[in-house]
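Inspection log for the structure reproduced underneath, given as structure tokens.
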Amino acid sequence: MNIRHSQLALLAMFLISLVIHLACFGYSFFIGAVYVDDLQTMAVRTLAVYSVPLGVIVGGIFGGTVDPVANASSGTFWTAAGLSLLWNVLLLARSLVFVISEQDSIMSLFGYIDAVSAASTFLIGGALAYFFAK
């Protein structure tokens with residue numbers, strides 16, 4: 001798999017996860033579980049969490065310093081994809097629990113997302129640096 005395809009696959013994974021997060025929060029608003037102010041706060045917090053990995057990915061793609069036809073080993077890509085998937089699932093699982101739970105609080109959700117996103121950055125840091133560094 002060449003580097004460009006690997007980059008686009010990782011970009012798609014993070015964008016899909018971001019959209020699922022936002023859809024969960026939109027659904028919560030639609031069913032009346034949260035108010036407009038809460039929805040805005042949830043969206044901004046989620047965008048803030050995803051801004052760093054997506055910033056690295058988009059910057060790496062548009063920076064153009066990596067040879068786009070260079071090949072990445074299959075094992076390297078699948079390791080990066082697996083670690084990225086784990087990071088996204090750690091965050092998405094809590095958002096999905098928030099949507100289906102009737103007793104959950106927004107502050108608990110925010111606390112989890114803030115803590116876990118910061119503590120688990122090591123999962124994606126090296127992989128993103130490998131595929132998107134100059």
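Chains: A, B, ... in order of the structure tokens. Residues: from 1 per chain. Ligands: from 1, in order shown.
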
### alpha helix (DSSP H) positions in range 27-132 of chain A, given as JSON, numbers by chain
{"A": [27, 28, 29, 30, 36, 37, 38, 39, 40, 41, 42, 43, 44, 45, 46, 47, 48, 49, 50, 51, 52, 53, 54, 55, 56, 57, 58, 59, 60, 61, 62, 63, 74, 75, 76, 77, 78, 79, 80, 81, 82, 83, 84, 85, 86, 87, 88, 89, 90, 91, 92, 93, 94, 95, 96, 97, 98, 99, 100, 106, 107, 108, 109, 110, 111, 112, 113, 114, 115, 116, 117, 118, 119, 121, 122, 123, 124, 125, 126, 127, 128, 129, 130, 131, 132]}

### Task
Mind checking which residues fall within 12 Å of Val19 in chain A, counting only C-alpha atoms, ignoring those fewer than 5 positions away in the same chain, and posting them as an NGL selection string?
:A and (12-14 or 24-27 or 43 or 46-47 or 50 or 88 or 92 or 95)

### Query
Quick one: of A:Trp78, A:Phe29, A:Phe132, A:Tyr35, who's nearest to Leu11 in chain A, counting only C-alpha atoms?
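Closest to Leu11 in chain A of all the choices is A:Phe132.
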
#### Entry: Å distance separating CA of Val89 in chain A from CA of Ser17 in chain A, one decimal place
8.2 Å

### Task
Tell me which protein, DNA and RNA residues are within 12 Å of Val97 in chain A, counting only C-alpha atoms, leaving out same-chain ones fewer than 5 positions away, and put them as a list in words.
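In the requested format, the answer is His21, Cys24, Phe25, Ser28, Val89, Leu90, Leu91, Leu92, Glu102, Gln103, Asp104, Ser105, Ile106, Ser108, Leu109 and Tyr112 of chain A.
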
### Query
Given the choices A:Phe77, A:Trp87, A:Phe98, A:Phe131, which gets closest to Met42 in chain A if the distance is worked out from only C-alpha atoms?
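With only C-alpha atoms as the atom set, the closest residue is A:Phe98.
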
### Message
Need to verify the contact set: Leu10 in chain A, 8 Å, only C-alpha atoms, exclusion of same-chain residues closer than 6 positions in sequence. Can you return it as a list in words?
### Response
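My reading of the contact set: Ile57, Ala81 and Ser84 of chain A.
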
### Task
Work out how far apart CA of Leu123 in chain A and CA of Leu86 in chain A are and give it in Å to one decimal.
7.9 Å

### Task
Report the distance between CA of Gly125 in chain A and CA of Ile61 in chain A in Å, rounded to one decimal place.
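CA of Gly125 in chain A sits 16.1 Å away from CA of Ile61 in chain A.
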